$ cat data-v5.cif   # mmCIF, C-alpha atoms and all ligand atoms
data_target
loop_
_atom_site.label_atom_id
_atom_site.label_comp_id
_atom_site.auth_asym_id
_atom_site.auth_seq_id
_atom_site.Cartn_x
_atom_site.Cartn_y
_atom_site.Cartn_z
CA MET A 1 33.41 0.84 137.41
CA ALA A 2 34.12 3.53 140.05
CA THR A 3 33.41 7.02 138.74
CA SER A 4 36.62 8.20 140.41
CA MET A 5 38.52 6.56 137.54
CA LEU A 6 37.02 9.09 135.17
CA ARG A 7 39.13 12.19 134.67
CA ILE A 8 36.53 13.86 132.49
CA PRO A 9 33.10 14.24 134.12
CA PRO A 10 29.89 14.01 132.06
CA PRO A 11 29.43 17.41 130.38
CA GLN A 12 26.69 19.43 132.10
CA GLU A 13 25.64 20.92 128.75
CA LEU A 14 24.36 17.52 127.70
CA PHE A 15 21.92 17.42 130.60
CA ARG A 16 20.13 20.45 129.18
CA PRO A 17 17.44 19.91 126.54
CA LEU A 18 18.34 20.41 122.88
CA VAL A 19 17.46 23.93 121.70
CA VAL A 20 16.38 24.39 118.09
CA PRO A 21 14.45 27.64 117.47
CA GLU A 22 12.15 28.25 114.51
CA ARG A 23 13.86 30.35 111.85
CA LEU A 24 13.20 31.20 108.25
CA LEU A 25 16.42 30.33 106.43
CA LEU A 26 16.77 32.77 103.55
CA GLY A 27 20.55 32.73 103.35
CA PRO A 28 22.56 30.91 100.66
CA GLY A 29 21.73 27.56 102.30
CA PRO A 30 20.67 25.50 104.08
CA SER A 31 16.98 26.08 103.34
CA ASN A 32 14.14 25.06 105.66
CA VAL A 33 13.22 21.40 105.53
CA PRO A 34 9.50 20.77 104.87
CA PRO A 35 7.59 18.35 107.18
CA ARG A 36 7.51 15.50 104.65
CA ILE A 37 11.31 15.49 104.37
CA LEU A 38 11.80 15.93 108.13
CA ALA A 39 9.50 12.98 108.76
CA ALA A 40 11.49 10.85 106.33
CA SER A 41 14.74 11.43 108.22
CA GLY A 42 13.02 10.50 111.48
CA ARG A 43 12.01 7.05 110.25
CA GLN A 44 13.43 3.92 111.91
CA LEU A 45 16.82 2.77 110.72
CA LEU A 46 17.21 -0.23 108.45
CA GLY A 47 20.33 -2.12 107.47
CA HIS A 48 22.09 -0.35 104.63
CA LEU A 49 22.06 -3.44 102.45
CA HIS A 50 18.40 -4.27 103.11
CA PRO A 51 16.32 -4.37 99.91
CA GLU A 52 14.20 -1.38 101.02
CA VAL A 53 17.29 0.79 101.39
CA GLN A 54 18.62 -0.47 98.06
CA GLN A 55 15.29 0.61 96.55
CA VAL A 56 15.72 4.05 98.13
CA MET A 57 19.21 4.27 96.57
CA ASP A 58 17.79 3.30 93.17
CA ASP A 59 15.07 5.94 93.60
CA ILE A 60 17.74 8.53 94.42
CA LYS A 61 19.70 7.60 91.30
CA ALA A 62 16.60 8.01 89.14
CA GLY A 63 15.78 11.31 90.87
CA ILE A 64 19.27 12.65 90.22
CA GLN A 65 19.11 11.57 86.57
CA TYR A 66 15.89 13.60 86.30
CA ALA A 67 17.21 16.65 88.17
CA PHE A 68 20.43 16.63 86.11
CA GLN A 69 18.67 15.59 82.87
CA THR A 70 21.12 12.79 82.23
CA GLN A 71 21.17 9.13 81.34
CA ASN A 72 24.61 8.62 82.87
CA ARG A 73 24.89 5.28 84.61
CA LEU A 74 27.56 6.59 86.96
CA THR A 75 25.06 8.62 88.95
CA LEU A 76 24.80 8.44 92.76
CA ALA A 77 24.93 10.45 95.97
CA VAL A 78 28.18 10.76 97.89
CA SER A 79 27.93 10.53 101.67
CA GLY A 80 28.97 14.06 102.48
CA THR A 81 28.11 17.69 101.77
CA GLY A 82 28.75 19.73 98.62
CA HIS A 83 32.47 20.02 99.39
CA CYS A 84 32.64 16.24 99.51
CA ALA A 85 31.08 16.02 96.04
CA MET A 86 33.47 18.69 94.77
CA GLU A 87 36.42 16.77 96.14
CA ALA A 88 35.02 13.48 94.75
CA ALA A 89 34.70 14.98 91.27
CA LEU A 90 38.18 16.46 91.30
CA LEU A 91 40.02 13.55 92.83
CA ASN A 92 38.48 10.99 90.48
CA LEU A 93 39.11 13.09 87.39
CA LEU A 94 42.58 14.40 88.25
CA GLU A 95 45.82 12.69 89.09
CA GLN A 96 49.36 13.91 89.74
CA GLY A 97 50.66 15.88 86.79
CA ASP A 98 47.28 16.45 85.08
CA THR A 99 46.46 19.99 84.09
CA ALA A 100 43.29 21.66 85.37
CA LEU A 101 41.86 25.00 84.34
CA VAL A 102 39.69 26.50 87.06
CA GLY A 103 37.28 29.38 86.58
CA VAL A 104 37.73 31.64 89.61
CA ASN A 105 35.09 34.36 89.96
CA GLY A 106 34.25 33.70 93.59
CA VAL A 107 34.98 31.37 96.45
CA TRP A 108 34.07 28.06 94.78
CA GLY A 109 36.67 28.40 92.06
CA GLN A 110 39.21 29.34 94.72
CA ARG A 111 38.38 26.19 96.66
CA ALA A 112 38.39 23.95 93.57
CA ALA A 113 41.83 25.33 92.67
CA ASP A 114 43.07 24.62 96.19
CA MET A 115 41.70 21.05 96.12
CA SER A 116 43.20 20.42 92.67
CA ARG A 117 46.64 21.60 93.83
CA ARG A 118 46.43 19.25 96.82
CA LEU A 119 45.92 16.44 94.28
CA GLY A 120 49.18 17.32 92.56
CA ALA A 121 47.56 18.76 89.43
CA ASN A 122 49.04 21.69 87.50
CA VAL A 123 46.40 24.28 88.17
CA HIS A 124 45.75 27.36 86.07
CA GLU A 125 43.19 29.88 87.22
CA LEU A 126 40.92 31.76 84.85
CA LEU A 127 40.26 34.96 86.74
CA LYS A 128 37.26 37.25 86.74
CA PRO A 129 36.23 39.75 89.38
CA PRO A 130 33.42 38.61 91.68
CA GLY A 131 30.05 39.50 90.18
CA GLU A 132 31.18 38.67 86.65
CA TYR A 133 30.99 35.52 84.54
CA PHE A 134 33.11 33.93 81.82
CA THR A 135 32.44 34.14 78.11
CA LEU A 136 33.23 31.25 75.78
CA SER A 137 36.03 33.18 74.13
CA GLU A 138 37.62 34.04 77.47
CA ILE A 139 37.55 30.38 78.44
CA GLU A 140 39.05 29.41 75.11
CA GLU A 141 41.79 32.03 74.94
CA VAL A 142 42.32 34.75 77.52
CA SER A 143 40.36 36.53 80.19
CA ALA A 144 41.07 39.67 82.11
CA GLY A 145 40.76 40.16 85.85
CA ARG A 146 41.97 42.62 88.40
CA GLY A 147 44.09 41.60 91.34
CA ALA A 148 45.09 38.13 90.13
CA GLY A 149 43.58 35.90 92.78
CA ARG A 150 44.01 38.36 95.64
CA TRP A 151 40.35 39.34 95.80
CA ALA A 152 39.97 37.98 99.28
CA ARG A 153 42.19 40.78 100.51
CA VAL A 154 41.25 43.66 98.24
CA SER A 155 38.18 45.73 97.63
CA LEU A 156 35.95 44.75 94.76
CA GLY A 157 36.58 46.61 91.57
CA ASP A 158 39.76 48.27 92.88
CA SER A 159 40.85 50.09 89.79
CA HIS A 160 44.42 50.58 91.00
CA LEU A 161 45.09 46.86 90.79
CA PRO A 162 46.83 45.63 87.65
CA LEU A 163 44.61 44.21 84.97
CA CYS A 164 45.75 40.60 84.68
CA PHE A 165 45.31 38.40 81.67
CA THR A 166 44.88 34.73 82.25
CA GLN A 167 45.03 32.16 79.50
CA GLY A 168 42.48 29.57 78.49
CA LEU A 169 42.00 26.15 76.92
CA VAL A 170 44.17 26.90 73.89
CA GLN A 171 47.26 27.82 75.88
CA HIS A 172 47.01 25.42 78.83
CA LYS A 173 45.50 22.32 77.18
CA PRO A 174 43.92 21.15 80.46
CA SER A 175 42.31 17.76 80.87
CA VAL A 176 39.59 19.25 83.12
CA LEU A 177 37.83 22.62 83.22
CA PHE A 178 36.07 23.49 86.49
CA ILE A 179 33.30 26.07 86.43
CA THR A 180 30.61 27.09 88.92
CA HIS A 181 27.10 27.27 87.47
CA GLY A 182 25.52 29.05 90.43
CA GLU A 183 28.22 31.11 92.16
CA SER A 184 26.56 31.43 95.54
CA SER A 185 29.20 33.75 97.02
CA THR A 186 28.50 36.40 94.39
CA GLY A 187 25.03 35.56 93.01
CA VAL A 188 26.28 34.94 89.46
CA LEU A 189 24.71 32.46 87.04
CA GLN A 190 27.31 31.15 84.58
CA SER A 191 25.95 30.32 81.13
CA LEU A 192 26.90 26.79 80.08
CA GLU A 193 25.73 27.11 76.48
CA GLY A 194 28.36 25.80 74.07
CA LEU A 195 30.84 25.12 76.87
CA GLY A 196 30.71 21.32 76.65
CA ASP A 197 31.39 21.35 72.90
CA LEU A 198 34.17 23.87 73.36
CA CYS A 199 35.85 21.75 76.03
CA HIS A 200 35.54 18.58 73.98
CA ARG A 201 37.03 20.29 70.91
CA HIS A 202 40.06 20.97 73.10
CA GLY A 203 40.20 17.44 74.54
CA CYS A 204 39.07 18.62 77.94
CA LEU A 205 36.36 17.41 80.34
CA LEU A 206 33.79 19.86 81.68
CA LEU A 207 33.21 19.73 85.45
CA VAL A 208 30.36 21.87 86.77
CA ASP A 209 29.47 22.85 90.35
CA GLY A 210 25.67 22.90 90.46
CA VAL A 211 25.24 23.00 94.25
CA ALA A 212 23.40 26.30 94.26
CA SER A 213 21.63 25.93 90.92
CA VAL A 214 20.37 22.39 90.27
CA GLY A 215 16.58 22.22 90.51
CA GLY A 216 16.18 26.00 90.52
CA VAL A 217 17.79 26.88 87.20
CA PRO A 218 17.70 25.01 83.86
CA ILE A 219 20.64 22.64 83.43
CA PHE A 220 20.80 19.79 80.92
CA MET A 221 23.79 17.60 81.70
CA ASP A 222 23.68 15.41 78.57
CA GLU A 223 22.61 18.06 76.08
CA GLN A 224 25.12 20.59 77.40
CA GLY A 225 27.97 18.07 77.29
CA ILE A 226 28.75 18.29 80.99
CA ASP A 227 31.12 15.49 82.04
CA ALA A 228 30.81 15.78 85.80
CA LEU A 229 28.11 17.57 87.75
CA TYR A 230 27.32 17.66 91.45
CA ALA A 231 24.65 19.30 93.59
CA GLY A 232 23.80 19.76 97.26
CA ALA A 233 20.91 18.39 99.31
CA GLN A 234 20.25 21.46 101.45
CA LYS A 235 19.50 24.07 98.83
CA VAL A 236 16.74 23.63 96.23
CA LEU A 237 16.11 20.02 97.33
CA ASN A 238 15.27 21.21 100.89
CA ALA A 239 16.83 18.13 102.50
CA PRO A 240 19.25 18.24 105.43
CA PRO A 241 22.93 18.49 104.40
CA GLY A 242 24.87 15.24 104.40
CA SER A 243 24.56 13.58 101.01
CA SER A 244 25.20 15.09 97.59
CA PRO A 245 24.10 14.06 94.08
CA ILE A 246 26.89 13.54 91.55
CA SER A 247 27.07 12.17 88.02
CA PHE A 248 29.80 11.44 85.45
CA SER A 249 29.55 11.07 81.67
CA GLU A 250 30.96 8.09 79.76
CA ARG A 251 33.81 10.36 78.63
CA ALA A 252 34.63 11.09 82.27
CA ARG A 253 34.37 7.41 83.13
CA GLU A 254 36.83 6.57 80.35
CA LYS A 255 39.34 9.01 81.82
CA MET A 256 38.91 7.34 85.21
CA LEU A 257 39.53 3.91 83.64
CA ARG A 258 42.74 5.22 82.01
CA ARG A 259 44.18 6.43 85.35
CA LYS A 260 47.74 5.39 86.09
CA THR A 261 47.23 5.80 89.84
CA LYS A 262 44.33 5.10 92.17
CA PRO A 263 42.24 8.05 93.34
CA ARG A 264 43.70 9.54 96.50
CA SER A 265 40.70 8.70 98.62
CA PHE A 266 39.26 5.28 99.30
CA TYR A 267 36.04 6.77 100.64
CA LEU A 268 35.38 8.76 97.46
CA ASP A 269 36.77 6.30 94.90
CA MET A 270 34.07 6.19 92.18
CA ASP A 271 34.93 2.64 91.27
CA TRP A 272 34.00 1.50 94.77
CA LEU A 273 31.02 3.83 94.92
CA ALA A 274 29.73 2.59 91.56
CA GLY A 275 29.75 -0.92 93.04
CA TYR A 276 27.96 0.22 96.20
CA TRP A 277 25.33 2.05 94.13
CA CYS A 278 25.05 -0.79 91.61
CA CYS A 279 25.61 1.63 88.73
CA TYR A 280 26.59 -1.05 86.24
CA GLY A 281 24.14 -3.76 87.32
CA GLU A 282 26.69 -5.78 89.31
CA ARG A 283 25.98 -7.23 92.75
CA ARG A 284 25.85 -4.49 95.39
CA SER A 285 29.03 -4.59 97.42
CA TYR A 286 29.71 -3.06 100.82
CA HIS A 287 31.86 0.05 100.71
CA HIS A 288 30.77 2.13 103.71
CA THR A 289 27.68 2.42 105.90
CA ALA A 290 25.61 5.04 104.13
CA PRO A 291 23.89 7.82 106.12
CA ILE A 292 20.64 5.93 105.64
CA ASN A 293 18.22 8.41 107.20
CA ASN A 294 19.85 11.17 105.23
CA PHE A 295 19.18 9.13 102.08
CA PHE A 296 15.51 8.87 103.10
CA SER A 297 15.27 12.66 103.19
CA LEU A 298 17.27 13.14 99.98
CA ARG A 299 14.87 10.69 98.30
CA GLU A 300 11.90 12.75 99.46
CA GLY A 301 13.53 16.01 98.33
CA LEU A 302 14.04 14.54 94.88
CA ALA A 303 10.47 13.14 94.92
CA ILE A 304 9.02 16.59 95.67
CA LEU A 305 11.04 18.06 92.79
CA ALA A 306 9.84 15.29 90.45
CA GLU A 307 6.21 15.81 91.51
CA MET A 308 6.43 19.55 90.98
CA GLY A 309 8.29 19.12 87.69
CA LEU A 310 11.60 20.77 86.83
CA GLU A 311 10.04 23.36 84.56
CA SER A 312 7.61 24.53 87.25
CA SER A 313 10.43 24.69 89.75
CA TRP A 314 12.61 26.76 87.41
CA GLU A 315 9.69 29.11 86.75
CA ARG A 316 8.91 29.45 90.45
CA HIS A 317 12.53 30.43 91.20
CA ARG A 318 12.62 32.85 88.28
CA ALA A 319 9.38 34.58 89.23
CA ASN A 320 10.16 34.94 92.94
CA CYS A 321 13.67 36.18 92.22
CA ALA A 322 12.26 38.77 89.80
CA LYS A 323 9.78 39.93 92.45
CA LEU A 324 12.56 40.10 95.05
CA CYS A 325 14.86 42.10 92.74
CA GLN A 326 12.08 44.61 92.03
CA GLY A 327 11.34 44.96 95.75
CA LEU A 328 15.03 45.47 96.54
CA ARG A 329 15.29 48.20 93.91
CA ASP A 330 12.14 49.83 95.34
CA LEU A 331 13.92 49.97 98.70
CA GLY A 332 16.75 51.86 97.00
CA LEU A 333 19.15 48.90 97.21
CA GLU A 334 21.61 48.10 94.45
CA LEU A 335 21.82 44.64 92.92
CA PHE A 336 25.40 43.36 92.87
CA VAL A 337 25.18 41.51 89.54
CA LYS A 338 24.70 44.07 86.81
CA GLU A 339 23.28 41.99 83.97
CA GLU A 340 19.89 40.42 84.53
CA VAL A 341 20.79 37.25 82.57
CA ALA A 342 23.74 36.68 84.88
CA ARG A 343 21.66 36.81 88.07
CA LEU A 344 21.26 33.50 89.87
CA PRO A 345 17.52 32.92 90.53
CA THR A 346 18.23 30.99 93.75
CA ILE A 347 20.53 33.48 95.49
CA THR A 348 20.34 37.23 95.06
CA THR A 349 23.17 39.55 96.06
CA ILE A 350 22.92 43.25 96.86
CA LYS A 351 25.69 45.70 97.62
CA VAL A 352 25.90 46.54 101.32
CA PRO A 353 24.20 49.95 101.34
CA GLU A 354 26.42 52.91 102.13
CA GLY A 355 26.26 54.04 105.74
CA TYR A 356 25.45 50.55 107.03
CA ASP A 357 27.38 47.71 108.60
CA TRP A 358 26.29 44.42 107.00
CA LYS A 359 26.68 42.56 110.29
CA GLU A 360 24.19 44.87 111.99
CA ILE A 361 21.67 44.31 109.21
CA THR A 362 21.92 40.50 109.32
CA ALA A 363 21.84 40.47 113.15
CA PHE A 364 18.81 42.80 113.25
CA ILE A 365 16.90 40.69 110.74
CA MET A 366 17.71 37.54 112.68
CA ASP A 367 16.84 38.99 116.10
CA LYS A 368 13.74 40.98 115.19
CA HIS A 369 12.31 38.92 112.36
CA GLY A 370 13.69 35.41 112.90
CA ILE A 371 15.01 35.39 109.34
CA GLU A 372 18.49 34.42 108.25
CA ILE A 373 20.08 36.35 105.42
CA ALA A 374 23.85 36.32 104.95
CA GLY A 375 26.82 38.54 104.29
CA GLY A 376 29.38 37.78 101.59
CA LEU A 377 31.88 34.93 101.50
CA GLY A 378 35.53 34.90 100.42
CA PRO A 379 36.03 37.60 97.81
CA SER A 380 32.56 39.05 98.39
CA GLU A 381 32.88 39.26 102.19
CA GLY A 382 31.94 42.66 103.57
CA LYS A 383 30.68 43.77 100.16
CA VAL A 384 27.35 42.03 99.68
CA LEU A 385 24.27 40.71 101.42
CA ARG A 386 22.91 37.42 100.13
CA ILE A 387 19.28 36.36 100.09
CA GLY A 388 18.40 32.80 99.13
CA LEU A 389 14.99 31.64 97.94
CA MET A 390 15.37 27.94 97.30
CA GLY A 391 12.93 25.07 96.82
CA GLY A 392 9.96 25.36 99.18
CA ASN A 393 11.43 28.62 100.54
CA SER A 394 11.00 30.26 97.14
CA THR A 395 7.53 31.73 97.71
CA SER A 396 5.94 35.10 97.10
CA GLY A 397 5.11 35.27 100.83
CA ASN A 398 8.78 34.83 101.78
CA VAL A 399 9.74 37.59 99.34
CA ASP A 400 7.30 39.91 101.14
CA ARG A 401 8.64 38.83 104.54
CA VAL A 402 12.29 39.43 103.72
CA LEU A 403 11.53 42.78 102.06
CA ARG A 404 9.60 43.89 105.15
CA ALA A 405 12.50 42.83 107.37
CA LEU A 406 15.00 44.67 105.18
CA ARG A 407 12.91 47.85 105.18
CA ASP A 408 12.80 47.65 108.96
CA ALA A 409 16.58 47.05 109.14
CA LEU A 410 17.28 50.02 106.87
CA GLY A 411 15.26 52.18 109.26
CA HIS A 412 17.05 50.94 112.37
CA CYS A 413 20.64 50.16 111.45
CA ARG A 414 21.88 53.35 109.74
CA ARG A 415 25.03 54.57 111.38
CA SER A 416 25.43 58.29 111.87
CA LYS A 417 29.17 58.19 111.18
CA LEU A 418 30.76 55.52 109.00
N1 LIG A 501 29.43 24.95 95.84
C1 LIG A 501 28.52 25.92 95.94
C2 LIG A 501 28.15 26.70 94.72
C3 LIG A 501 27.90 26.19 97.16
O1 LIG A 501 26.98 27.15 97.24
C4 LIG A 501 28.24 25.41 98.29
C5 LIG A 501 27.58 25.64 99.63
N2 LIG A 501 27.37 26.94 99.99
C6 LIG A 501 29.21 24.41 98.14
C7 LIG A 501 29.78 24.20 96.90
C8 LIG A 501 29.66 23.58 99.30
O2 LIG A 501 28.63 22.85 99.82
P1 LIG A 501 28.59 22.37 101.36
O3 LIG A 501 28.57 23.58 102.22
O4 LIG A 501 27.34 21.56 101.41
O5 LIG A 501 29.81 21.55 101.60
#
$ encode --input "data-v5.cif" --output "structure tokens" --more "lines below"
Ligand code: PMP
Amino acid sequence: MATSMLRIPPPQELFRPLVVPERLLLGPGPSNVPPRILAASGRQLLGHLHPEVQQVMDDIKAGIQYAFQTQNRLTLAVSGTGHCAMEAALLNLLEQGDTALVGVNGVWGQRAADMSRRLGANVHELLKPPGEYFTLSEIEEVSAGRGAGRWARVSLGDSHLPLCFTQGLVQHKPSVLFITHGESSTGVLQSLEGLGDLCHRHGCLLLVDGVASVGGVPIFMDEQGIDALYAGAQKVLNAPPGSSPISFSERAREKMLRRKTKPRSFYLDMDWLAGYWCCYGERRSYHHTAPINNFFSLREGLAILAEMGLESSWERHRANCAKLCQGLRDLGLELFVKEEVARLPTITTIKVPEGYDWKEITAFIMDKHGIEIAGGLGPSEGKVLRIGLMGGNSTSGNVDRVLRALRDALGHCRRSKL
């Protein structure tokens, strides 16, 4: 074929070699991928229905059951990132006209509320200012928040905003409650104790976002009565993003079986996915072509967690977070989450120190130290800096490195006039 027929020439950028510098990723995710997991994703492709790949999928299921502490049969990995799992959970549990109650104390609740509205659900938001968590009684009855969902546009803790009361399970009688276990935009750890029982007493399913917490913080899906839980590959599991663990309880499955309408996505329909993942022992049926190499790396991420043991992993995250928090205080920095019990061990937030521009700090640390830390997100944007220590990145050495980089940044980035 004559090249003159081509209106678009080959892009010159693609003739240059791929550039991927070495960086230490200590933001809220992704985390660095260790060699064993990298090697797994570089293995030769196999057919997605070959027995070896089916074995990998079975291994992943078992690994997720361990990480989530669940015996749920409807356990698998969706082919997509954390948002995909969030959407899968919501769209399989909700249909037009259902009522959802969404805990909004950061960006993930905001996004879950948005997704639920797109599904035609009646959505009620339980509001708390970023940096705070929900108590059982607030979830059951009422909770107070300032600024009623407008946090993205207002300063944190603005006292001139009206104090808004939002209502809970008693008033709204939702069929699903969404809550974020590890609120990565604010660094808050939400206690789940008693929440499953509370939801079930009110005829409601409990849906938990565990993307930033699973593997690094204790969570017991069955014991805590969680009906749907999902996680991410690129945080504590140290695998590349692209597939996300998810699991549903029998109670959740029953709700899916009672649906009057089909889920609004073919790709994320749990009935199809259950068949593809052989969750109920049936013959494996083709649904889509799984991201096979991504499954290899997810399998290895789950294997490393299993070899280390959940309890050791939780302890490692706790200890390194405690060391980081102490070091941050020693530098004169202020932790954003007031109560120690409500601090997420995987992602620590500090207030942007007065007299500094957060963007200069993150850019300086990236340029001079090759370390990624992040600013805020959504309601916490411009207010906080976020430091993630997840999976293999949660080491005492990395705590020292990031503290050294921060000390250096504090010395270099102060603005004379702000
Ligand atoms: N939920 C939480 C708590 C998260 O931290 C993230 C990722 N930052 C997500 C959901 C979305 O995950 P992803 O970016 O992989 O789509």
$ closest_residue --input "data-v5.cif" --among "A:Ala303, A:Leu119, A:Leu192, A:Leu335" --to "A:Val208" --atoms "all atoms listed in the file"
A:Leu192
$ residues_near_point --input "data-v5.cif" --point "(43.2, 26.2, 73.6)" --cutoff "7 Å" --atoms "only C-alpha atoms" --output "PyMOL selection string"
chain A and resi 140-141+168-173+202
$ residues_around --input "data-v5.cif" --residues "A:Gly47" --least-positions-apart "2" --cutoff "12 Å" --atoms "only C-alpha atoms" --output "list in words"
Gln44, Leu45, Leu49, His50, Pro51, Glu52, Val53, Gln54, Tyr286, His288, Thr289, Ala290, Pro291, Ile292 and Asn293 of chain A
$ residues_near_ligand --input "data-v5.cif" --ligand "ligand LIG 501 (chain A)" --cutoff "7 Å" --atoms "only C-alpha atoms and all ligand atoms" --output "list in words"
Pro28, Gly29, Thr81, Gly82, His83, Cys84, Met86, Trp108, Thr180, Gly182, Glu183, Ser184, Ser185, Asp209, Gly210, Val211, Ala212, Gly232 and Pro241 of chain A
$ atom_distance --input "data-v5.cif" --atom1 "atom CA of A:Leu91" --atom2 "atom CA of A:Ser79"
15.3 Å
$ residues_around --input "data-v5.cif" --residues "A:Glu360" --least-positions-apart "5" --cutoff "12 Å" --atoms "only C-alpha atoms" --output "compact mmCIF listing (two decimals) with C-alpha atoms, in the frame of the given file"
# COMPACT_ATOMS: atom_id res chain seq x y z
CA VAL A 352 25.90 46.54 101.32
CA PRO A 353 24.20 49.95 101.34
CA GLY A 355 26.26 54.04 105.74
CA ILE A 365 16.90 40.69 110.74
CA MET A 366 17.71 37.54 112.68
CA ASP A 367 16.84 38.99 116.10
CA LYS A 368 13.74 40.98 115.19
CA ILE A 373 20.08 36.35 105.42
CA ALA A 374 23.85 36.32 104.95
CA GLY A 375 26.82 38.54 104.29
CA GLY A 382 31.94 42.66 103.57
CA LEU A 385 24.27 40.71 101.42
CA LEU A 406 15.00 44.67 105.18
CA ALA A 409 16.58 47.05 109.14
CA LEU A 410 17.28 50.02 106.87
CA GLY A 411 15.26 52.18 109.26
CA HIS A 412 17.05 50.94 112.37
CA CYS A 413 20.64 50.16 111.45
CA ARG A 414 21.88 53.35 109.74
CA ARG A 415 25.03 54.57 111.38
$ atom_distance --input "data-v5.cif" --atom1 "atom CA of A:Leu189" --atom2 "atom CA of A:Ala228"
17.8 Å
$ residues_around --input "data-v5.cif" --residues "A:Gly301" --least-positions-apart "3" --cutoff "7 Å" --atoms "all atoms listed in the file" --output "PDB file with C-alpha atoms, in the frame of the given file"
ATOM      1  CA  ILE A  37      11.310  15.490 104.370  1.00  0.00           C
ATOM      2  CA  LEU A 237      16.110  20.020  97.330  1.00  0.00           C
ATOM      3  CA  ASN A 238      15.270  21.210 100.890  1.00  0.00           C
ATOM      4  CA  ALA A 239      16.830  18.130 102.500  1.00  0.00           C
ATOM      5  CA  SER A 297      15.270  12.660 103.190  1.00  0.00           C
ATOM      6  CA  LEU A 298      17.270  13.140  99.980  1.00  0.00           C
ATOM      7  CA  ILE A 304       9.020  16.590  95.670  1.00  0.00           C
ATOM      8  CA  LEU A 305      11.040  18.060  92.790  1.00  0.00           C
TER       9      LEU A 305
END
$ closest_residue --input "data-v5.cif" --among "A:Arg36, A:Lys351, A:Arg407, A:Lys338" --to "A:Lys383" --atoms "all atoms listed in the file"
A:Lys351
$ closest_residue --input "data-v5.cif" --among "A:Glu250, A:Glu193, A:Glu223, A:Glu132" --to "A:Thr75" --atoms "only C-alpha atoms"
A:Glu250
$ atom_distance --input "data-v5.cif" --atom1 "atom CA of A:Met256" --atom2 "atom CA of A:Tyr280"
14.9 Å
$ closest_residue --input "data-v5.cif" --among "A:Ile64, A:Leu333, A:Gly388, A:Met57" --to "A:Tyr356" --atoms "all atoms listed in the file"
A:Leu333
$ closest_residue --input "data-v5.cif" --among "A:Arg117, A:Val107, A:Ala40, A:His48" --to "A:Leu377" --atoms "all atoms listed in the file"
A:Val107
$ decode --input "data-v5.cif" --residues "stretch 303-327 of chain A" --atoms "C-alpha atoms" --output "mmCIF file, in the first residue's frame"
data_model
loop_
_atom_site.group_PDB
_atom_site.id
_atom_site.type_symbol
_atom_site.label_atom_id
_atom_site.label_comp_id
_atom_site.auth_asym_id
_atom_site.auth_seq_id
_atom_site.Cartn_x
_atom_site.Cartn_y
_atom_site.Cartn_z
ATOM 1 C CA ALA A 303 1.164 -15.109 47.468
ATOM 2 C CA ILE A 304 3.647 -12.700 49.095
ATOM 3 C CA LEU A 305 0.923 -11.553 51.511
ATOM 4 C CA ALA A 306 0.039 -15.171 52.340
ATOM 5 C CA GLU A 307 3.706 -16.073 52.905
ATOM 6 C CA MET A 308 4.238 -13.086 55.170
ATOM 7 C CA GLY A 309 0.955 -13.709 56.997
ATOM 8 C CA LEU A 310 -1.778 -11.118 57.477
ATOM 9 C CA GLU A 311 -0.932 -10.494 61.117
ATOM 10 C CA SER A 312 2.720 -9.751 60.334
ATOM 11 C CA SER A 313 1.662 -7.456 57.530
ATOM 12 C CA TRP A 314 -0.765 -5.552 59.777
ATOM 13 C CA GLU A 315 1.946 -5.211 62.428
ATOM 14 C CA ARG A 316 4.511 -4.030 59.891
ATOM 15 C CA HIS A 317 2.150 -1.297 58.650
ATOM 16 C CA ARG A 318 1.258 -0.275 62.202
ATOM 17 C CA ALA A 319 4.865 -0.030 63.347
ATOM 18 C CA ASN A 320 6.146 1.889 60.327
ATOM 19 C CA CYS A 321 3.210 4.283 60.431
ATOM 20 C CA ALA A 322 3.860 4.917 64.137
ATOM 21 C CA LYS A 323 7.525 5.624 63.395
ATOM 22 C CA LEU A 324 6.559 7.947 60.533
ATOM 23 C CA CYS A 325 4.040 9.854 62.676
ATOM 24 C CA GLN A 326 6.640 10.375 65.404
ATOM 25 C CA GLY A 327 9.190 11.593 62.851
#
